[in-house]
Each structure stands twice: as C-alpha cells, then as structure tokens.
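Shown next: entry_17.txt, containing compact mmCIF, C-alpha atoms.
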```
# COMPACT_ATOMS: atom_id res chain seq x y z
CA MET A 1 -42.40 -15.08 -18.33
CA ALA A 2 -41.92 -11.41 -18.98
CA SER A 3 -40.57 -10.38 -22.33
CA THR A 4 -36.95 -9.40 -22.24
CA GLY A 5 -37.44 -6.66 -24.78
CA GLY A 6 -34.88 -8.17 -27.14
CA SER A 7 -35.25 -7.23 -30.80
CA GLU A 8 -35.17 -10.87 -31.93
CA PRO A 9 -38.24 -12.99 -31.24
CA SER A 10 -36.54 -15.73 -29.25
CA ALA A 11 -37.36 -19.41 -29.27
CA SER A 12 -38.40 -20.78 -25.91
CA SER A 13 -35.15 -22.66 -25.46
CA ASP A 14 -33.28 -19.38 -25.75
CA ASP A 15 -35.49 -17.66 -23.24
CA ARG A 16 -33.26 -18.14 -20.23
CA GLY A 17 -30.10 -17.19 -22.03
CA ASP A 18 -31.84 -14.16 -23.44
CA GLN A 19 -32.99 -13.06 -20.02
CA SER A 20 -29.59 -13.42 -18.44
CA ALA A 21 -28.14 -11.49 -21.37
CA SER A 22 -30.51 -8.64 -20.69
CA ALA A 23 -29.79 -8.84 -16.96
CA GLN A 24 -26.13 -8.61 -17.87
CA ARG A 25 -26.75 -5.61 -20.08
CA ARG A 26 -28.61 -3.95 -17.24
CA GLY A 27 -25.80 -4.79 -14.83
CA ALA A 28 -23.27 -3.36 -17.26
CA ARG A 29 -25.23 -0.14 -17.60
CA GLU A 30 -25.58 0.18 -13.82
CA ALA A 31 -21.87 -0.38 -13.29
CA ALA A 32 -20.96 2.09 -16.04
CA VAL A 33 -23.23 4.79 -14.61
CA ASP A 34 -21.92 4.04 -11.13
CA GLY A 35 -18.35 4.37 -12.38
CA VAL A 36 -18.92 7.75 -13.99
CA ARG A 37 -20.87 8.98 -10.96
CA SER A 38 -18.16 7.90 -8.52
CA ILE A 39 -15.36 9.50 -10.50
CA THR A 40 -17.17 12.78 -11.17
CA PRO A 41 -16.11 14.69 -8.03
CA MET A 42 -12.52 13.60 -8.57
CA ALA A 43 -12.70 14.52 -12.25
CA VAL A 44 -13.93 17.98 -11.20
CA GLY A 45 -11.01 18.13 -8.79
CA ILE A 46 -8.42 17.53 -11.51
CA ILE A 47 -9.75 20.20 -13.90
CA PRO A 48 -7.57 22.97 -12.43
CA PHE A 49 -4.62 20.58 -12.41
CA SER A 50 -5.17 19.71 -16.08
CA LEU A 51 -5.34 23.41 -16.99
CA VAL A 52 -2.04 23.94 -15.17
CA TYR A 53 -0.48 21.19 -17.27
CA GLY A 54 -1.79 22.75 -20.47
CA VAL A 55 -0.30 26.08 -19.46
CA ALA A 56 3.02 24.41 -18.56
CA VAL A 57 3.19 22.94 -22.07
CA SER A 58 2.80 26.39 -23.59
CA GLN A 59 5.65 27.63 -21.37
CA THR A 60 8.04 24.81 -22.30
CA PRO A 61 10.12 24.99 -25.48
CA ILE A 62 8.76 21.77 -26.99
CA ASP A 63 6.25 21.07 -29.71
CA THR A 64 2.76 21.75 -28.35
CA TRP A 65 1.31 18.51 -29.68
CA LEU A 66 4.20 16.53 -28.24
CA GLY A 67 3.65 18.14 -24.84
CA LEU A 68 -0.06 17.43 -24.93
CA SER A 69 0.47 13.89 -26.25
CA ALA A 70 2.38 13.11 -23.05
CA SER A 71 -1.08 12.79 -21.48
CA GLY A 72 -1.62 9.88 -23.83
CA PHE A 73 1.80 8.29 -23.43
CA ILE A 74 2.05 8.70 -19.67
CA ALA A 75 -1.44 9.51 -18.35
CA ALA A 76 -0.16 10.53 -14.92
CA GLY A 77 -0.32 14.26 -14.31
CA ALA A 78 2.17 14.91 -11.52
CA SER A 79 4.96 13.09 -13.37
CA GLN A 80 4.10 14.89 -16.62
CA ILE A 81 4.46 18.28 -14.96
CA ALA A 82 7.75 17.26 -13.34
CA LEU A 83 9.10 15.94 -16.65
CA LEU A 84 8.22 19.21 -18.41
CA GLU A 85 10.07 21.18 -15.74
CA PHE A 86 13.19 19.08 -16.25
CA ILE A 87 12.95 19.50 -20.03
CA ARG A 88 12.51 23.25 -19.61
CA ASP A 89 15.52 23.45 -17.29
CA GLY A 90 17.61 21.43 -19.76
CA ALA A 91 18.37 18.68 -17.22
CA ALA A 92 20.10 15.47 -18.28
CA TRP A 93 17.56 13.08 -19.77
CA PHE A 94 18.06 10.39 -17.14
CA VAL A 95 17.40 12.88 -14.33
CA GLY A 96 14.06 13.91 -15.83
CA VAL A 97 13.02 10.39 -16.76
CA GLY A 98 14.22 9.01 -13.42
CA ALA A 99 12.38 11.64 -11.40
CA ALA A 100 9.16 11.08 -13.35
CA LEU A 101 9.41 7.33 -12.83
CA ILE A 102 10.02 7.74 -9.09
CA ILE A 103 6.87 9.84 -8.90
CA ASN A 104 4.99 7.08 -10.73
CA ALA A 105 6.44 4.20 -8.71
CA ARG A 106 3.26 4.28 -6.60
CA MET A 107 1.64 2.61 -9.64
CA LEU A 108 3.53 -0.53 -8.60
CA LEU A 109 1.60 -0.41 -5.34
CA TYR A 110 -1.71 0.24 -7.10
CA SER A 111 -0.95 -2.65 -9.43
CA ALA A 112 -0.56 -4.93 -6.41
CA ALA A 113 -3.72 -3.51 -4.78
CA VAL A 114 -5.94 -4.27 -7.78
CA ALA A 115 -4.23 -7.57 -8.67
CA PRO A 116 -6.65 -9.82 -6.74
CA ALA A 117 -9.64 -8.32 -8.58
CA PHE A 118 -7.84 -8.29 -11.93
CA ARG A 119 -7.24 -12.06 -11.75
CA GLU A 120 -10.88 -12.52 -12.65
CA PHE A 121 -10.70 -10.28 -15.74
CA PRO A 122 -9.94 -11.45 -19.31
CA PRO A 123 -6.38 -10.52 -20.41
CA ALA A 124 -7.46 -7.74 -22.77
CA TRP A 125 -9.32 -6.05 -19.91
CA ARG A 126 -6.38 -6.50 -17.57
CA TYR A 127 -3.91 -4.82 -19.90
CA GLY A 128 -6.38 -2.18 -21.03
CA LEU A 129 -7.51 -1.19 -17.55
CA ALA A 130 -3.88 -1.06 -16.42
CA TYR A 131 -3.41 1.86 -18.79
CA GLY A 132 -6.25 3.76 -17.09
CA MET A 133 -4.76 3.20 -13.65
CA THR A 134 -4.75 6.70 -12.16
CA ASP A 135 -4.89 7.70 -8.50
CA GLN A 136 -8.53 8.61 -8.91
CA ALA A 137 -9.66 5.57 -10.92
CA VAL A 138 -7.88 3.18 -8.55
CA ALA A 139 -9.28 4.87 -5.46
CA ALA A 140 -12.84 4.78 -6.80
CA SER A 141 -12.49 1.21 -8.10
CA LEU A 142 -11.06 -0.26 -4.90
CA ALA A 143 -13.94 1.31 -2.98
CA TYR A 144 -16.35 -0.26 -5.49
CA PHE A 145 -14.63 -3.66 -5.32
CA ASP A 146 -15.35 -3.64 -1.58
CA ARG A 147 -19.09 -3.53 -2.21
CA GLU A 148 -19.40 -5.40 -5.54
CA ALA A 149 -17.98 -8.89 -6.07
CA ASP A 150 -19.07 -9.51 -9.67
CA PRO A 151 -15.96 -9.39 -11.92
CA PHE A 152 -18.03 -8.29 -14.91
CA LYS A 153 -19.48 -5.28 -13.12
CA ARG A 154 -16.11 -4.54 -11.57
CA ARG A 155 -14.33 -4.18 -14.90
CA ILE A 156 -17.15 -2.17 -16.45
CA PHE A 157 -17.06 0.16 -13.44
CA MET A 158 -13.31 0.67 -13.58
CA GLY A 159 -13.35 1.05 -17.35
CA SER A 160 -15.99 3.77 -17.30
CA ALA A 161 -14.48 5.58 -14.32
CA ALA A 162 -10.96 5.51 -15.81
CA THR A 163 -12.19 6.59 -19.25
CA ALA A 164 -14.25 9.46 -17.87
CA LEU A 165 -11.31 10.70 -15.83
CA LEU A 166 -8.87 10.55 -18.74
CA ILE A 167 -11.31 12.37 -21.03
CA VAL A 168 -11.58 15.20 -18.50
CA TRP A 169 -7.80 15.23 -18.06
CA PHE A 170 -7.06 15.33 -21.83
CA THR A 171 -9.69 17.98 -22.48
CA GLY A 172 -8.49 20.13 -19.60
CA THR A 173 -4.88 20.07 -20.80
CA ILE A 174 -5.95 21.19 -24.28
CA VAL A 175 -8.21 23.94 -22.92
CA GLY A 176 -5.45 25.12 -20.59
CA ASN A 177 -2.99 25.18 -23.46
CA ILE A 178 -5.22 27.08 -25.87
CA PHE A 179 -6.50 29.70 -23.48
CA GLY A 180 -3.23 29.94 -21.58
CA SER A 181 -5.73 30.09 -18.80
CA ARG A 182 -4.45 31.97 -15.79
CA ILE A 183 -6.56 31.00 -12.84
CA PRO A 184 -6.29 33.58 -10.04
CA ASP A 185 -4.00 32.28 -7.31
CA SER A 186 -6.54 33.44 -4.74
CA TRP A 187 -8.85 30.56 -5.76
CA GLN A 188 -6.23 28.16 -4.40
CA LEU A 189 -7.42 25.36 -6.63
CA GLY A 190 -4.33 23.33 -5.80
CA PHE A 191 -6.27 22.27 -2.73
CA ALA A 192 -8.87 20.41 -4.81
CA VAL A 193 -6.90 17.31 -5.80
CA PRO A 194 -5.67 16.30 -2.32
CA LEU A 195 -9.14 17.21 -1.04
CA THR A 196 -10.79 14.61 -3.28
CA PHE A 197 -8.23 11.99 -2.18
CA LEU A 198 -9.09 12.86 1.41
CA GLY A 199 -12.78 12.48 0.57
CA ILE A 200 -12.30 8.97 -0.74
CA VAL A 201 -9.78 7.68 1.79
CA VAL A 202 -11.31 8.83 5.08
CA PRO A 203 -14.52 6.77 4.85
CA THR A 204 -12.46 3.63 4.12
CA LEU A 205 -10.55 3.91 7.41
CA THR A 206 -12.77 1.50 9.32
CA THR A 207 -10.21 -0.91 10.79
CA ARG A 208 -7.29 -0.28 13.09
CA PRO A 209 -4.61 -1.47 10.63
CA MET A 210 -6.00 0.84 7.93
CA ILE A 211 -6.00 3.82 10.29
CA VAL A 212 -2.43 3.02 11.40
CA SER A 213 -1.40 2.66 7.75
CA ALA A 214 -2.89 6.03 6.75
CA VAL A 215 -1.63 7.98 9.77
CA VAL A 216 1.92 6.64 9.58
CA ALA A 217 2.02 7.25 5.82
CA ALA A 218 1.03 10.89 6.33
CA ILE A 219 3.52 11.50 9.15
CA VAL A 220 6.45 9.87 7.35
CA THR A 221 5.65 11.64 4.07
CA VAL A 222 5.87 14.98 5.88
CA ALA A 223 8.97 13.98 7.87
CA ALA A 224 10.69 12.76 4.69
CA ALA A 225 9.92 15.98 2.81
CA PRO A 226 13.60 16.88 2.19
CA ILE A 227 14.07 13.77 0.05
CA PRO A 228 14.12 15.11 -3.53
CA TYR A 229 12.05 14.29 -6.61
CA GLY A 230 8.92 13.52 -4.64
CA ALA A 231 10.41 10.27 -3.36
CA ASN A 232 9.14 11.18 0.12
CA LEU A 233 5.71 10.09 -1.08
CA LEU A 234 6.97 6.61 -1.80
CA VAL A 235 8.87 6.39 1.48
CA GLY A 236 5.78 7.54 3.38
CA ALA A 237 3.48 5.09 1.60
CA LEU A 238 5.80 2.15 2.20
CA ALA A 239 6.21 3.09 5.87
CA GLY A 240 2.42 3.28 6.18
CA ILE A 241 1.96 -0.14 4.60
CA ALA A 242 4.63 -1.66 6.86
CA ALA A 243 3.03 -0.13 9.95
CA GLY A 244 -0.39 -1.36 8.84
CA MET A 245 0.98 -4.88 8.36
CA TRP A 246 2.45 -4.74 11.86
CA ALA A 247 -0.91 -3.61 13.28
CA GLN A 248 -2.58 -6.43 11.36
CA SER A 249 -0.24 -9.04 12.79
CA GLN A 250 -0.83 -7.63 16.29
CA ALA A 251 -4.57 -7.94 15.76
CA ARG A 252 -4.11 -11.53 14.56
CA SER A 253 -2.04 -12.60 17.56
CA ASP A 254 -4.53 -10.86 19.88
CA GLY A 255 -7.33 -12.77 18.22
CA ALA A 256 -5.43 -16.06 18.50
CA SER A 257 -4.59 -15.73 22.18
CA MET B 1 17.88 12.62 -25.74
CA SER B 2 14.98 14.43 -27.39
CA PRO B 3 11.87 15.32 -25.34
CA PHE B 4 9.92 12.87 -27.48
CA TRP B 5 11.97 9.90 -26.36
CA MET B 6 11.95 11.08 -22.75
CA ILE B 7 8.16 11.15 -22.84
CA VAL B 8 7.99 7.74 -24.50
CA LEU B 9 10.42 6.29 -21.95
CA VAL B 10 8.41 7.58 -19.00
CA GLY B 11 5.25 6.31 -20.67
CA VAL B 12 6.66 2.81 -21.17
CA GLY B 13 8.10 2.73 -17.65
CA THR B 14 4.86 3.91 -16.10
CA TYR B 15 2.83 1.32 -17.99
CA ALA B 16 5.32 -1.34 -16.89
CA PHE B 17 4.67 -0.31 -13.27
CA ARG B 18 0.94 -0.50 -13.87
CA VAL B 19 0.92 -4.05 -15.25
CA SER B 20 3.83 -5.44 -13.20
CA MET B 21 2.02 -6.67 -10.09
CA ILE B 22 -1.10 -7.60 -12.00
CA VAL B 23 1.04 -10.01 -14.02
CA ALA B 24 3.28 -11.11 -11.13
CA LEU B 25 0.50 -11.74 -8.60
CA GLY B 26 -1.81 -13.15 -11.27
CA ARG B 27 0.28 -16.34 -11.27
CA PHE B 28 -0.24 -17.19 -7.62
CA GLU B 29 -3.16 -18.09 -5.45
CA LEU B 30 -3.19 -15.25 -2.94
CA SER B 31 -3.71 -16.13 0.71
CA GLU B 32 -6.17 -14.21 2.84
CA ARG B 33 -3.21 -12.69 4.69
CA VAL B 34 -1.67 -11.34 1.49
CA ARG B 35 -5.03 -9.95 0.41
CA ASP B 36 -5.39 -8.21 3.77
CA ASN B 37 -1.96 -6.65 3.32
CA LEU B 38 -2.79 -5.49 -0.21
CA ARG B 39 -5.82 -3.70 1.20
CA LEU B 40 -3.49 -1.43 3.18
CA ILE B 41 -1.97 0.02 0.01
CA ALA B 42 -4.77 2.38 -0.95
CA PRO B 43 -5.11 4.12 2.45
CA ALA B 44 -1.32 4.46 2.72
CA VAL B 45 -0.72 5.90 -0.74
CA LEU B 46 -3.77 8.17 -0.74
CA SER B 47 -2.98 9.43 2.75
CA ALA B 48 0.58 10.16 1.61
CA LEU B 49 -0.82 12.09 -1.37
CA VAL B 50 -3.10 14.09 0.95
CA ALA B 51 -0.23 14.83 3.34
CA ARG B 52 2.03 15.97 0.51
CA GLY B 53 -0.67 18.06 -1.14
CA MET B 54 -2.01 19.74 1.99
CA LEU B 55 0.83 19.86 4.51
CA LEU B 56 3.82 20.46 2.24
CA GLU B 57 4.84 23.07 -0.30
CA GLY B 58 7.48 21.33 -2.33
CA THR B 59 9.97 20.08 0.25
CA GLU B 60 8.92 22.65 2.90
CA LEU B 61 6.29 22.47 5.60
CA ARG B 62 3.34 24.66 4.65
CA PRO B 63 2.90 27.56 7.12
CA LEU B 64 -0.27 27.38 9.20
CA SER B 65 -3.12 28.74 7.05
CA GLU B 66 -6.70 28.25 5.92
CA TRP B 67 -5.51 25.03 4.25
CA HIS B 68 -5.15 23.38 7.65
CA VAL B 69 -8.57 24.57 8.82
CA ALA B 70 -10.26 23.40 5.61
CA GLY B 71 -8.36 20.11 5.82
CA VAL B 72 -9.70 19.36 9.31
CA VAL B 73 -13.23 20.33 8.29
CA ALA B 74 -12.90 18.11 5.21
CA VAL B 75 -11.91 15.09 7.34
CA ILE B 76 -15.07 15.53 9.42
CA VAL B 77 -17.28 16.01 6.35
CA ALA B 78 -15.73 12.99 4.60
CA TRP B 79 -16.26 10.84 7.67
CA ARG B 80 -19.85 11.93 8.26
CA THR B 81 -21.12 12.05 4.66
CA LYS B 82 -18.86 9.41 3.05
CA SER B 83 -19.20 11.52 -0.09
CA VAL B 84 -16.31 12.85 -2.18
CA LEU B 85 -18.57 15.48 -3.74
CA TRP B 86 -19.61 16.93 -0.36
CA THR B 87 -16.01 16.81 0.83
CA LEU B 88 -14.87 18.72 -2.25
CA PHE B 89 -17.67 21.27 -1.96
CA VAL B 90 -17.49 21.97 1.78
CA GLY B 91 -13.68 21.83 1.75
CA MET B 92 -13.29 24.43 -1.00
CA VAL B 93 -15.95 26.74 0.44
CA THR B 94 -14.33 26.53 3.90
CA LEU B 95 -10.97 27.32 2.32
CA TRP B 96 -12.33 30.42 0.61
CA ILE B 97 -14.31 31.68 3.61
CA VAL B 98 -11.52 31.16 6.14
CA GLY B 99 -9.03 32.59 3.65
CA ALA B 100 -11.17 35.72 3.29
CA ILE B 101 -11.45 36.15 7.06
CA ILE B 102 -7.82 35.66 8.08
```
Render the structure in this file as structure tokens.
Amino acid sequence: MASTGGSEPSASSDDRGDQSASAQRRGAREAAVDGVRSITPMAVGIIPFSLVYGVAVSQTPIDTWLGLSASGFIAAGASQIALLEFIRDGAAWFVGVGAALIINARMLLYSAAVAPAFREFPPAWRYGLAYGMTDQAVAASLAYFDREADPFKRRIFMGSAATALLIVWFTGTIVGNIFGSRIPDSWQLGFAVPLTFLGIVVPTLTTRPMIVSAVVAAIVTVAAAPIPYGANLLVGALAGIAAGMWAQSQARSDGAS
Amino acid sequence: MSPFWMIVLVGVGTYAFRVSMIVALGRFELSERVRDNLRLIAPAVLSALVARGMLLEGTELRPLSEWHVAGVVAVIVAWRTKSVLWTLFVGMVTLWIVGAII
C-alpha cells in the first residue's frame, strides 16, 4: 500500500483511516480551490461596486469606520448603498431599514434554495455559511451542488467561495473610501455585476421550467419597475418562481398522461 | 435612531432572512417535488437581478444603448462557453467597443 505521506508513522490498523483522512484532505483542498476559482470572475465583477460603496461612505455624514463596518454587519452591497442614501437624506429610520430589508428579502429565497444541501452540514457550518450567503456565493454554490453530491466538499466549496468574495468586497470598500476613487463614467463598470450574474445563470437554463422561470422573472421585474425601494426585484423573482412551478406541473401531467 | 442601530438592525434582519429557511426546511423531509421547486429560485432571482441591472435605470427603462447589444452578446457567450470569466470579458469589451462606435 502506498504511503499516505502522513507525518506520523502509522500502525497497520490505522492505515485505512489514515488513507481516507488524506483523501479527505485532498478533497477539501480541491473543493477550496474550486470555490475560489468559481467565485473569481464574480469577485472581479464586484470590485467597481465595492469602490462605489467606499466612496458613498466618504460622502455620507457618518463615522467612516461605522460606514465601512456595515459590510461586516450586513454583507449585502445593494442594501448597504441604499441604507447610506437614506441616512444621508435624513429619512425616518424605519424607511431606511425597511427599504434595505426589502432589498435583502431575496435572501429568504436563497435560504430556501440552499436548504436541502445545508441539511447535511453540521450546525456550526450551517449558521456560519448563512452569513456568507451573497448573490455570488449562492449562485456559484448552487451550480457546484449540481455537480458534486459530497456534503463535505460542498461546504468547503461554499465556505471558500463566500470568504473570497467577502474579502474582495471588504478590501474594495476600504480602497474606495481611502482613495475616494473616481472611476470614469465612460468605463460603465456598473454593467459588470449583472453581467456576471448573466454568466452564471444562462448555462443553468437547461430545462423548460427553468427557462420559463428566468424569462418571466425578467419580464415582470421590468414591468414592475415603478414599485419603489427595489421591491420590483422581489415581485419579479416570485412571479418567475410561480411561472416555473406552473411549467413544472404541466411537464408532470404531460409525462403522466 | 442613530445610523449605528440602523446598520445593526439591517444586519440582524438580513441574517435572519439568511438562516430562516435553512432552519425551517431543515426540520422536514423534503419531497422531490419541493426540491424541484426550490431549484427554480436561483434562475428566477438571478434573472431578475440581470433584468434590473441591465434593462432598468432606477425605476425607468434604460434607453436603447450599447448595454443591450453587449447583453445579447453576453447571453450567447455564456451559453456557448458556460464560463463566467469569458462572459465578463467579452461582455465588457463588447460594451466598450460598441459604446465607442455609436
């Protein structure tokens, strides 16, 4: 039997356990590398967004460290920017908090989407990974869960992807704040974030219900644009899910008949 | 209410959203049908994010521009390459080139 390369000379009875431990270490490393690799394009995409947040903090009359620490408390960029705008405009607290929470209500949906996979995780992982639940980390992880069934690799993947993304986000907000970085408008970097979402969602549209779900969500989001505080996003997403469920039930009854 | 408490409140509320369904659905055995329905969430939410980001400016429809051209190109690239990195690269370059031309 090949040596496992462990530092301890193992007794023969430990040999199997030792080997599976090293296989597990290898699996963990693969999943971690995979996680960072998968999130990288999306992390690049949020850099301009994170700089914008850092600049917004410097333009809002609140303590700089408090503004930047919102990335730690909230860790959801769009809602952080909205909240800052309400603070800057001196809006009533419940308007700002309410608007930010409406923007983040999609996390409820993400929570449901990852729930089946999270059942297999130990509690500490469940509650820890929930904190790192960002659009990007969830999108990358759900795509990974489709091709990898091992709960151990799944949580390592999501942990590394979520951590890498948050590190980039935090760093970008600080850099944006310090350098008051003014990116030329002509670069149109606001296109980058939706572009990376497009890049991850399009290849997953392989079944009819998923296509229906995505198309209806997009149409309704645009049609519901006048609804304030970004609630059109939620309306669009829910309409898309409902339409997808309808398409799924159609497919089932077709299959049954 | 001070900005500090507003930030804390949003943070607590957002985390509550994040754990809510993990806790709620963790108690039940999920049928295949429910799992199929949960799989529709990601395409719906992400597609809504794309639509808002690319087709809208705030609550207004974005006027026809290089964004629409680059968006269509990006869909094709994403479908063909199944790579976020290529989608990001080709999409941004298309945006800049078309923007420079028109």
Which chain A residues have any atom within 7 Å of an atom of chain B, and for each, what is the nearest pair of atoms with distance in Å to one decimal, counting all atoms listed in the file, rows sorted by chain and number, as a tab-separated table?
```
residue	atom	partner	partner_atom	distance
A:Pro41	CA	B:Leu85	CA	5.0
A:Leu66	CA	B:Phe4	CA	6.8
A:Ala70	CA	B:Ile7	CA	6.1
A:Phe73	CA	B:Gly11	CA	4.8
A:Ile74	CA	B:Gly11	CA	4.1
A:Ile87	CA	B:Pro3	CA	6.8
A:Trp93	CA	B:Met1	CA	6.0
A:Val97	CA	B:Val10	CA	5.8
A:Ala100	CA	B:Val10	CA	6.7
A:Leu101	CA	B:Val10	CA	6.3
A:Asn104	CA	B:Thr14	CA	6.2
A:Ala105	CA	B:Phe17	CA	6.7
A:Met107	CA	B:Arg18	CA	5.3
A:Leu108	CA	B:Phe17	CA	4.8
A:Leu109	CA	B:Ile41	CA	6.4
A:Ser111	CA	B:Met21	CA	5.0
A:Ala112	CA	B:Met21	CA	4.8
A:Ala113	CA	B:Leu38	CA	5.1
A:Ala115	CA	B:Ile22	CA	4.6
A:Phe118	CA	B:Ile22	CA	6.8
A:Arg119	CA	B:Gly26	CA	5.6
A:Tyr127	CA	B:Val19	CA	6.7
A:Ala130	CA	B:Arg18	CA	5.5
A:Tyr131	CA	B:Tyr15	CA	6.3
A:Met133	CA	B:Arg18	CA	6.8
A:Ala139	CA	B:Ala42	CA	6.8
A:Phe191	CA	B:Met54	CA	6.8
A:Ala192	CA	B:Leu88	CA	6.7
A:Pro194	CA	B:Val50	CA	4.7
A:Leu195	CA	B:Leu88	CA	6.0
A:Thr196	CA	B:Leu88	CA	5.9
A:Phe197	CA	B:Leu46	CA	6.0
A:Leu198	CA	B:Val50	CA	6.1
A:Gly199	CA	B:Val84	CA	4.5
A:Ile200	CA	B:Val84	CA	5.8
A:Val201	CA	B:Pro43	CA	5.9
A:Val202	CA	B:Trp79	CA	5.9
A:Pro203	CA	B:Trp79	CA	5.2
A:Met210	CA	B:Leu40	CA	5.8
A:Ser213	CA	B:Ala44	CA	5.3
A:Ala214	CA	B:Ala44	CA	4.6
A:Ala217	CA	B:Ala48	CA	5.3
A:Ala218	CA	B:Ala48	CA	4.8
A:Thr221	CA	B:Ala48	CA	5.8
A:Val222	CA	B:Ala51	CA	6.6
A:Ala225	CA	B:Thr59	CA	4.8
A:Pro226	CA	B:Thr59	CA	5.2
A:Leu233	CA	B:Ala48	CA	5.8
A:Gly236	CA	B:Ala48	CA	6.1
A:Ala237	CA	B:Val45	CA	4.9
A:Gly240	CA	B:Ala44	CA	5.2
A:Ile241	CA	B:Leu40	CA	5.8
A:Gly244	CA	B:Leu40	CA	6.5
A:Met245	CA	B:Asn37	CA	6.1
```
Taken to one decimal, the CA of Thr173 in chain A-CA of Val52 in chain A distance is 7.4 Å
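By all atoms listed in the file, and with residues fewer than 6 positions from Ala149 in chain A along its chain excluded, the set lying at most 12 Å from it is Ala31, Pro116, Ala117, Phe118, Glu120, Ser141, Leu142, Ala143, Arg155 and Phe157 of chain A.
Taking all atoms listed in the file into account, Ala23 in chain A lies nearest to A:Phe152 out of the set A:Phe152, A:Gln248, A:Gly90, A:Ile183.
Put simply, CA of Trp187 in chain A is 21.7 Å away from CA of Ser58 in chain A.
Between CA of Phe86 in chain A and CA of Ala99 in chain A there is a distance of 8.9 Å.
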Give me, as a PyMOL selection string, all polymer residues having an atom no more than 10 Å from Asp89 in chain A, counting all atoms listed in the file and skipping those fewer than 5 positions away in the same chain. chain A and resi 60-61+83-84+96
Which neighbours of Ser71 in chain A fall inside 10 Å, counting only C-alpha atoms, when residues of the same chain fewer than 4 positions from it are skipped, and could you give them as a ChimeraX atom specification? /A:50,53,66-67,75-77,80,166,169-170,173 /B:7,11
